[in-house]
$ cat upload-v2.pdb   # PDB, C-alpha atoms
ATOM      1  CA  MET A 407     174.157  61.488 181.010
ATOM      2  CA  ALA A 408     176.663  61.558 183.860
ATOM      3  CA  ALA A 409     178.379  64.764 184.823
ATOM      4  CA  ARG A 410     181.819  65.431 183.401
ATOM      5  CA  ILE A 411     184.561  67.912 184.212
ATOM      6  CA  ASP A 412     185.737  70.397 181.607
ATOM      7  CA  HIS A 413     188.866  72.465 182.166
ATOM      8  CA  LEU A 414     190.166  75.678 180.725
ATOM      9  CA  VAL A 415     193.053  77.938 181.669
ATOM     10  CA  THR A 416     192.622  81.714 181.609
ATOM     11  CA  SER A 417     195.299  84.351 182.081
ATOM     12  CA  GLY A 418     195.310  87.690 183.859
ATOM     13  CA  THR A 419     196.643  89.313 186.997
ATOM     14  CA  PHE A 420     196.406  88.825 190.749
ATOM     15  CA  SER A 421     196.564  91.957 192.901
ATOM     16  CA  LEU A 422     196.741  92.259 196.681
ATOM     17  CA  ASP A 423     198.561  94.404 199.235
ATOM     18  CA  GLY A 424     199.784  96.797 196.558
ATOM     19  CA  GLY A 425     201.420  94.196 194.324
ATOM     20  CA  THR A 426     200.302  92.736 190.993
ATOM     21  CA  TRP A 427     201.425  89.459 189.413
ATOM     22  CA  ASP A 428     200.684  87.707 186.116
ATOM     23  CA  VAL A 429     198.843  84.436 186.724
ATOM     24  CA  ASP A 430     197.225  81.533 184.881
ATOM     25  CA  ASN A 431     194.065  80.209 186.522
ATOM     26  CA  ASN A 432     192.243  76.911 186.233
ATOM     27  CA  VAL A 433     188.539  77.249 185.513
ATOM     28  CA  TRP A 434     186.542  74.074 186.128
ATOM     29  CA  ILE A 435     183.149  73.382 184.563
ATOM     30  CA  VAL A 436     181.123  70.532 186.053
ATOM     31  CA  GLY A 437     177.974  69.292 184.343
ATOM     32  CA  ASP A 438     176.498  67.449 181.381
ATOM     33  CA  ASP A 439     175.249  68.555 177.970
ATOM     34  CA  THR A 440     172.307  70.422 179.540
ATOM     35  CA  GLU A 441     173.516  72.218 182.663
ATOM     36  CA  ALA A 442     176.733  73.041 184.489
ATOM     37  CA  ILE A 443     178.384  75.018 187.244
ATOM     38  CA  VAL A 444     181.570  77.054 186.930
ATOM     39  CA  VAL A 445     184.163  76.836 189.691
ATOM     40  CA  ASP A 446     186.020  80.184 189.748
ATOM     41  CA  ALA A 447     185.164  82.587 186.920
ATOM     42  CA  ALA A 448     188.689  83.833 186.276
ATOM     43  CA  HIS A 449     189.727  86.603 183.893
ATOM     44  CA  ASP A 450     187.778  85.847 180.706
ATOM     45  CA  ALA A 451     183.978  85.660 180.690
ATOM     46  CA  ASP A 452     183.939  85.197 176.902
ATOM     47  CA  ALA A 453     186.185  82.124 177.023
ATOM     48  CA  ILE A 454     184.178  80.598 179.871
ATOM     49  CA  ALA A 455     180.885  81.244 178.072
ATOM     50  CA  ALA A 456     182.292  79.655 174.916
ATOM     51  CA  ALA A 457     183.312  76.564 176.910
ATOM     52  CA  LEU A 458     179.807  76.347 178.364
ATOM     53  CA  GLY A 459     178.252  76.402 174.923
ATOM     54  CA  GLY A 460     174.455  76.330 175.129
ATOM     55  CA  ARG A 461     174.312  74.765 178.579
ATOM     56  CA  ARG A 462     172.338  76.375 181.373
ATOM     57  CA  LEU A 463     174.694  77.743 184.003
ATOM     58  CA  VAL A 464     173.312  76.745 187.398
ATOM     59  CA  ALA A 465     175.805  78.729 189.496
ATOM     60  CA  ILE A 466     179.177  80.448 189.535
ATOM     61  CA  VAL A 467     180.906  79.046 192.605
ATOM     62  CA  SER A 468     183.840  81.049 193.978
ATOM     63  CA  THR A 469     186.367  79.091 196.026
ATOM     64  CA  HIS A 470     187.532  82.415 197.501
ATOM     65  CA  ALA A 471     187.494  86.107 196.647
ATOM     66  CA  HIS A 472     191.001  86.927 195.481
ATOM     67  CA  ASN A 473     190.517  89.019 192.380
ATOM     68  CA  ASP A 474     192.017  86.474 189.981
ATOM     69  CA  HIS A 475     189.289  83.974 190.903
ATOM     70  CA  ILE A 476     186.314  86.362 190.705
ATOM     71  CA  ASP A 477     187.211  89.108 188.243
ATOM     72  CA  ALA A 478     185.041  87.685 185.421
ATOM     73  CA  ALA A 479     182.185  86.533 187.677
ATOM     74  CA  PRO A 480     179.869  89.571 187.335
ATOM     75  CA  ALA A 481     180.216  89.628 183.546
ATOM     76  CA  LEU A 482     179.512  85.894 183.331
ATOM     77  CA  ALA A 483     176.548  86.250 185.678
ATOM     78  CA  ALA A 484     175.115  89.121 183.623
ATOM     79  CA  ARG A 485     175.467  87.077 180.478
ATOM     80  CA  THR A 486     173.962  83.847 181.804
ATOM     81  CA  GLY A 487     171.671  84.867 184.662
ATOM     82  CA  ALA A 488     173.526  82.471 186.980
ATOM     83  CA  PRO A 489     173.989  83.413 190.646
ATOM     84  CA  ILE A 490     177.446  84.041 192.081
ATOM     85  CA  LEU A 491     178.029  82.077 195.297
ATOM     86  CA  LEU A 492     180.700  82.960 197.873
ATOM     87  CA  HIS A 493     181.370  82.196 201.528
ATOM     88  CA  GLY A 494     180.407  85.184 203.655
ATOM     89  CA  ASP A 495     183.779  85.405 205.381
ATOM     90  CA  ASP A 496     185.325  86.502 202.077
ATOM     91  CA  LEU A 497     183.071  89.513 201.521
ATOM     92  CA  PRO A 498     185.796  91.993 202.580
ATOM     93  CA  LEU A 499     188.068  90.582 199.870
ATOM     94  CA  TRP A 500     185.231  90.528 197.334
ATOM     95  CA  LYS A 501     184.523  94.211 197.908
ATOM     96  CA  GLN A 502     188.121  95.096 197.001
ATOM     97  CA  THR A 503     187.406  93.904 193.455
ATOM     98  CA  HIS A 504     183.650  94.447 193.057
ATOM     99  CA  PRO A 505     182.570  97.166 195.519
ATOM    100  CA  GLU A 506     179.330  97.886 193.635
ATOM    101  CA  ARG A 507     178.201  94.304 193.016
ATOM    102  CA  ALA A 508     177.550  91.821 195.819
ATOM    103  CA  PRO A 509     177.476  88.039 195.381
ATOM    104  CA  ASP A 510     174.004  86.561 194.934
ATOM    105  CA  GLY A 511     174.208  83.831 197.534
ATOM    106  CA  GLU A 512     176.298  82.577 200.413
ATOM    107  CA  LEU A 513     178.169  79.291 200.559
ATOM    108  CA  THR A 514     178.084  77.486 203.900
ATOM    109  CA  ASP A 515     180.025  74.526 205.239
ATOM    110  CA  GLY A 516     178.231  71.286 204.446
ATOM    111  CA  GLN A 517     176.019  72.837 201.776
ATOM    112  CA  VAL A 518     175.363  70.523 198.838
ATOM    113  CA  ILE A 519     175.230  71.859 195.292
ATOM    114  CA  VAL A 520     173.625  69.533 192.747
ATOM    115  CA  VAL A 521     174.324  69.732 189.031
ATOM    116  CA  ALA A 522     173.578  67.096 186.404
ATOM    117  CA  GLY A 523     172.697  64.643 189.169
ATOM    118  CA  THR A 524     176.081  65.077 190.839
ATOM    119  CA  GLU A 525     176.488  66.348 194.397
ATOM    120  CA  LEU A 526     179.289  68.715 195.384
ATOM    121  CA  THR A 527     179.680  69.335 199.110
ATOM    122  CA  VAL A 528     181.059  72.671 200.296
ATOM    123  CA  LEU A 529     183.979  72.316 202.721
ATOM    124  CA  HIS A 530     184.954  75.539 204.487
ATOM    125  CA  THR A 531     188.758  75.515 204.432
ATOM    126  CA  PRO A 532     190.028  78.900 205.675
ATOM    127  CA  GLY A 533     193.682  79.872 205.687
ATOM    128  CA  HIS A 534     194.523  81.129 202.202
ATOM    129  CA  ALA A 535     191.499  83.373 202.674
ATOM    130  CA  PRO A 536     188.957  83.503 205.518
ATOM    131  CA  GLY A 537     186.097  82.250 203.359
ATOM    132  CA  ALA A 538     188.032  79.778 201.245
ATOM    133  CA  VAL A 539     186.064  76.648 200.358
ATOM    134  CA  CYS A 540     186.689  73.389 198.557
ATOM    135  CA  LEU A 541     184.048  71.410 196.662
ATOM    136  CA  TYR A 542     184.063  67.652 197.179
ATOM    137  CA  ALA A 543     182.350  65.529 194.533
ATOM    138  CA  PRO A 544     182.627  61.893 195.673
ATOM    139  CA  GLY A 545     180.682  60.679 192.642
ATOM    140  CA  LEU A 546     183.405  62.105 190.424
ATOM    141  CA  GLY A 547     186.236  61.090 192.742
ATOM    142  CA  THR A 548     187.498  64.647 192.953
ATOM    143  CA  VAL A 549     187.800  67.737 195.107
ATOM    144  CA  PHE A 550     188.146  71.259 193.751
ATOM    145  CA  THR A 551     190.517  73.001 196.139
ATOM    146  CA  GLY A 552     190.930  76.514 194.753
ATOM    147  CA  ASP A 553     194.101  77.850 196.339
ATOM    148  CA  THR A 554     193.902  75.764 199.534
ATOM    149  CA  LEU A 555     195.883  72.715 198.395
ATOM    150  CA  PHE A 556     198.213  72.368 195.422
ATOM    151  CA  GLN A 557     200.547  69.757 194.068
ATOM    152  CA  GLY A 558     203.386  70.153 196.547
ATOM    153  CA  GLY A 559     201.669  71.870 199.438
ATOM    154  CA  PRO A 560     199.316  74.483 200.850
ATOM    155  CA  GLY A 561     198.342  77.699 199.149
ATOM    156  CA  ALA A 562     200.202  80.904 199.949
ATOM    157  CA  THR A 563     199.643  82.562 203.320
ATOM    158  CA  GLY A 564     202.053  85.475 203.197
ATOM    159  CA  ARG A 565     199.543  88.212 202.456
ATOM    160  CA  SER A 566     196.549  89.912 204.059
ATOM    161  CA  PHE A 567     193.611  87.802 205.236
ATOM    162  CA  SER A 568     195.724  84.595 205.284
ATOM    163  CA  ASP A 569     197.163  82.422 208.044
ATOM    164  CA  PHE A 570     199.506  79.422 207.786
ATOM    165  CA  PRO A 571     198.408  77.429 210.886
ATOM    166  CA  THR A 572     194.803  77.861 209.780
ATOM    167  CA  ILE A 573     195.380  76.517 206.259
ATOM    168  CA  VAL A 574     197.362  73.559 207.584
ATOM    169  CA  GLY A 575     194.504  72.749 209.955
ATOM    170  CA  SER A 576     191.980  73.001 207.129
ATOM    171  CA  ILE A 577     193.998  70.670 204.914
ATOM    172  CA  ARG A 578     194.661  68.175 207.702
ATOM    173  CA  ASP A 579     191.103  68.043 209.019
ATOM    174  CA  ARG A 580     188.989  68.569 205.903
ATOM    175  CA  LEU A 581     191.023  67.343 202.911
ATOM    176  CA  LEU A 582     193.539  64.715 203.980
ATOM    177  CA  THR A 583     190.634  62.753 205.501
ATOM    178  CA  LEU A 584     189.194  62.204 202.005
ATOM    179  CA  PRO A 585     189.920  58.928 200.158
ATOM    180  CA  PRO A 586     193.560  58.872 199.008
ATOM    181  CA  GLU A 587     192.601  58.299 195.380
ATOM    182  CA  THR A 588     190.600  61.552 195.312
ATOM    183  CA  VAL A 589     191.864  63.787 192.501
ATOM    184  CA  VAL A 590     192.745  67.306 193.680
ATOM    185  CA  ARG A 591     191.821  69.869 191.021
ATOM    186  CA  THR A 592     193.533  73.104 191.953
ATOM    187  CA  GLY A 593     193.140  76.802 191.239
ATOM    188  CA  HIS A 594     196.495  77.001 189.452
ATOM    189  CA  GLY A 595     198.830  74.425 187.957
ATOM    190  CA  ASP A 596     198.639  70.654 187.788
ATOM    191  CA  SER A 597     196.237  68.325 189.543
ATOM    192  CA  THR A 598     197.368  65.844 192.189
ATOM    193  CA  THR A 599     195.737  63.367 194.580
ATOM    194  CA  ILE A 600     195.038  63.348 198.292
ATOM    195  CA  GLY A 601     197.252  60.270 198.613
ATOM    196  CA  ALA A 602     200.182  62.000 196.943
ATOM    197  CA  GLU A 603     199.997  65.028 199.241
ATOM    198  CA  ALA A 604     199.075  63.462 202.603
ATOM    199  CA  PRO A 605     202.555  62.108 203.467
ATOM    200  CA  HIS A 606     204.042  65.605 203.302
ATOM    201  CA  LEU A 607     201.973  67.288 206.032
ATOM    202  CA  ASP A 608     204.741  67.254 208.644
ATOM    203  CA  GLU A 609     207.195  68.583 206.068
ATOM    204  CA  TRP A 610     204.890  71.535 205.302
ATOM    205  CA  ILE A 611     204.514  72.307 208.998
ATOM    206  CA  ALA A 612     208.286  72.212 209.476
ATOM    207  CA  ARG A 613     208.714  74.501 206.495
ATOM    208  CA  GLY A 614     206.207  76.862 208.057
ATOM    209  CA  HIS A 615     204.829  78.472 204.910
TER
END
$ encode --input "upload-v2.pdb" --output "structure tokens"
Amino acid sequence: MAARIDHLVTSGTFSLDGGTWDVDNNVWIVGDDTEAIVVDAAHDADAIAAALGGRRLVAIVSTHAHNDHIDAAPALAARTGAPILLHGDDLPLWKQTHPERAPDGELTDGQVIVVAGTELTVLHTPGHAPGAVCLYAPGLGTVFTGDTLFQGGPGATGRSFSDFPTIVGSIRDRLLTLPPETVVRTGHGDSTTIGAEAPHLDEWIARGH
């Protein structure tokens, strides 16, 4: 059976630099009836486990280490035995949320994660966070972008550990080079496509945020 993409939205808070905001997060589950990976274990380990059903969880892949994307990861890992994977450049952010519990493995640029016969390639896309990554699954015609690229532009860069020129470079060089029909599945809000976002690069740069 071919891999499919399941989607759920979980709600909680995002905290950084002394502020806290209510947020809804997209949680993506990629797999078949036997095994799956979770992209960003946000807020609610029980809801994510229920969506997994009886499938074996191969890995919990974190697109970056802002607390709203990783807060449920240790609980989900304890429940399923799945490893938590994170790019090493985001360890300082991770430790703000989980100082006593390190990730189990490190994501690296170009690494390929295989689940249900489907390959997802790790693209290091810093800017929103130093260790931000996207997961490109050409066989599914999609890229999971976390908070790097949204419908309407780049992720936020106004807080610690972020940088606007860096995120624009990541999007230009690593994402807008993908096929235009590639579906962009984001960390928050609606999906889009590479083709819908690519024409607006100069506009984002002019806007400067």
$ residues_around --input "upload-v2.pdb" --residues "Arg462 in chain A" --least-positions-apart "2" --cutoff "8 Å" --atoms "only C-alpha atoms" --output "PyMOL selection string"
chain A and resi 440-442+460+464+486
$ write_last_selection --input "upload-v2.pdb" --atoms "C-alpha atoms" --output "tab-separated table (two decimals), keeping the file's coordinate frame"
chain	number	residue	atom	x	y	z
A	440	THR	CA	172.31	70.42	179.54
A	441	GLU	CA	173.52	72.22	182.66
A	442	ALA	CA	176.73	73.04	184.49
A	460	GLY	CA	174.46	76.33	175.13
A	464	VAL	CA	173.31	76.74	187.40
A	486	THR	CA	173.96	83.85	181.80
$ resolve_selection --input "upload-v2.pdb" --expression "the PyMOL selection byres ((chain A and resi 446) around 6)" --output "number ranges by chain"
A: 433, 445, 447-448, 467-468, 475
$ resolve_selection --input "upload-v2.pdb" --expression "the PyMOL selection byres ((chain A and resi 585) around 10)" --output "list of chain:residue names"
A:Pro544, A:Gly547, A:Thr548, A:Leu581, A:Leu582, A:Thr583, A:Leu584, A:Pro586, A:Glu587, A:Thr588, A:Val589, A:Thr599, A:Ile600, A:Gly601
$ write_last_selection --input "upload-v2.pdb" --atoms "C-alpha atoms" --output "tab-separated table (two decimals), keeping the file's coordinate frame"
chain	number	residue	atom	x	y	z
A	544	PRO	CA	182.63	61.89	195.67
A	547	GLY	CA	186.24	61.09	192.74
A	548	THR	CA	187.50	64.65	192.95
A	581	LEU	CA	191.02	67.34	202.91
A	582	LEU	CA	193.54	64.72	203.98
A	583	THR	CA	190.63	62.75	205.50
A	584	LEU	CA	189.19	62.20	202.00
A	586	PRO	CA	193.56	58.87	199.01
A	587	GLU	CA	192.60	58.30	195.38
A	588	THR	CA	190.60	61.55	195.31
A	589	VAL	CA	191.86	63.79	192.50
A	599	THR	CA	195.74	63.37	194.58
A	600	ILE	CA	195.04	63.35	198.29
A	601	GLY	CA	197.25	60.27	198.61
$ atom_distance --input "upload-v2.pdb" --atom1 "CA of Ala471 in chain A" --atom2 "CA of Trp500 in chain A"
5.0 Å
$ atom_distance --input "upload-v2.pdb" --atom1 "CA of Ala408 in chain A" --atom2 "CA of Ala604 in chain A"
29.3 Å
$ resolve_selection --input "upload-v2.pdb" --expression "the PyMOL selection byres ((chain A and resi 511-528) around 6)" --output "ChimeraX atom specification"
/A:409,437-438,491-494,509-510,529-530,540-543
$ axis_aligned_box --input "upload-v2.pdb" --around "range 420-426 of chain A" --padding-each-side "6 Å" --output "lines of an AutoDock Vina configuration file"
center_x = 198.9
center_y = 92.8
center_z = 195.0
size_x = 17.0
size_y = 20.0
size_z = 20.5
$ residues_around --input "upload-v2.pdb" --residues "Gly552 in chain A" --least-positions-apart "5" --cutoff "7 Å" --atoms "all atoms listed in the file" --output "MDAnalysis selection string"
chainID A and resid 469 540 592:593
$ closest_atom_pairs --input "upload-v2.pdb" --of "range 489-599 of chain A" --to "range 415-425 of chain A" --cutoff "10 Å" --atoms "only C-alpha atoms" --output "tab-separated table"
residue	atom	partner	partner_atom	distance
A:Leu499	CA	A:Leu422	CA	9.4
A:Gln502	CA	A:Leu422	CA	9.1
A:Thr503	CA	A:Ser421	CA	9.4
A:Arg565	CA	A:Asp423	CA	7.0
A:Ser566	CA	A:Asp423	CA	6.9
A:Gly593	CA	A:Val415	CA	9.6
A:His594	CA	A:Val415	CA	8.6
A:Gly595	CA	A:Val415	CA	9.2
$ atom_distance --input "upload-v2.pdb" --atom1 "CA of Val549 in chain A" --atom2 "CA of Glu603 in chain A"
13.2 Å
$ residues_around --input "upload-v2.pdb" --residues "His413 in chain A" --least-positions-apart "5" --cutoff "7 Å" --atoms "all atoms listed in the file" --output "ChimeraX atom specification"
/A:432-435
$ write_last_selection --input "upload-v2.pdb" --atoms "C-alpha atoms" --output "short mmCIF file (atom, residue, chain, number, x, y, z; two decimals), keeping the file's coordinate frame"
data_model
loop_
_atom_site.label_atom_id
_atom_site.label_comp_id
_atom_site.auth_asym_id
_atom_site.auth_seq_id
_atom_site.Cartn_x
_atom_site.Cartn_y
_atom_site.Cartn_z
CA ASN A 432 192.24 76.91 186.23
CA VAL A 433 188.54 77.25 185.51
CA TRP A 434 186.54 74.07 186.13
CA ILE A 435 183.15 73.38 184.56
#
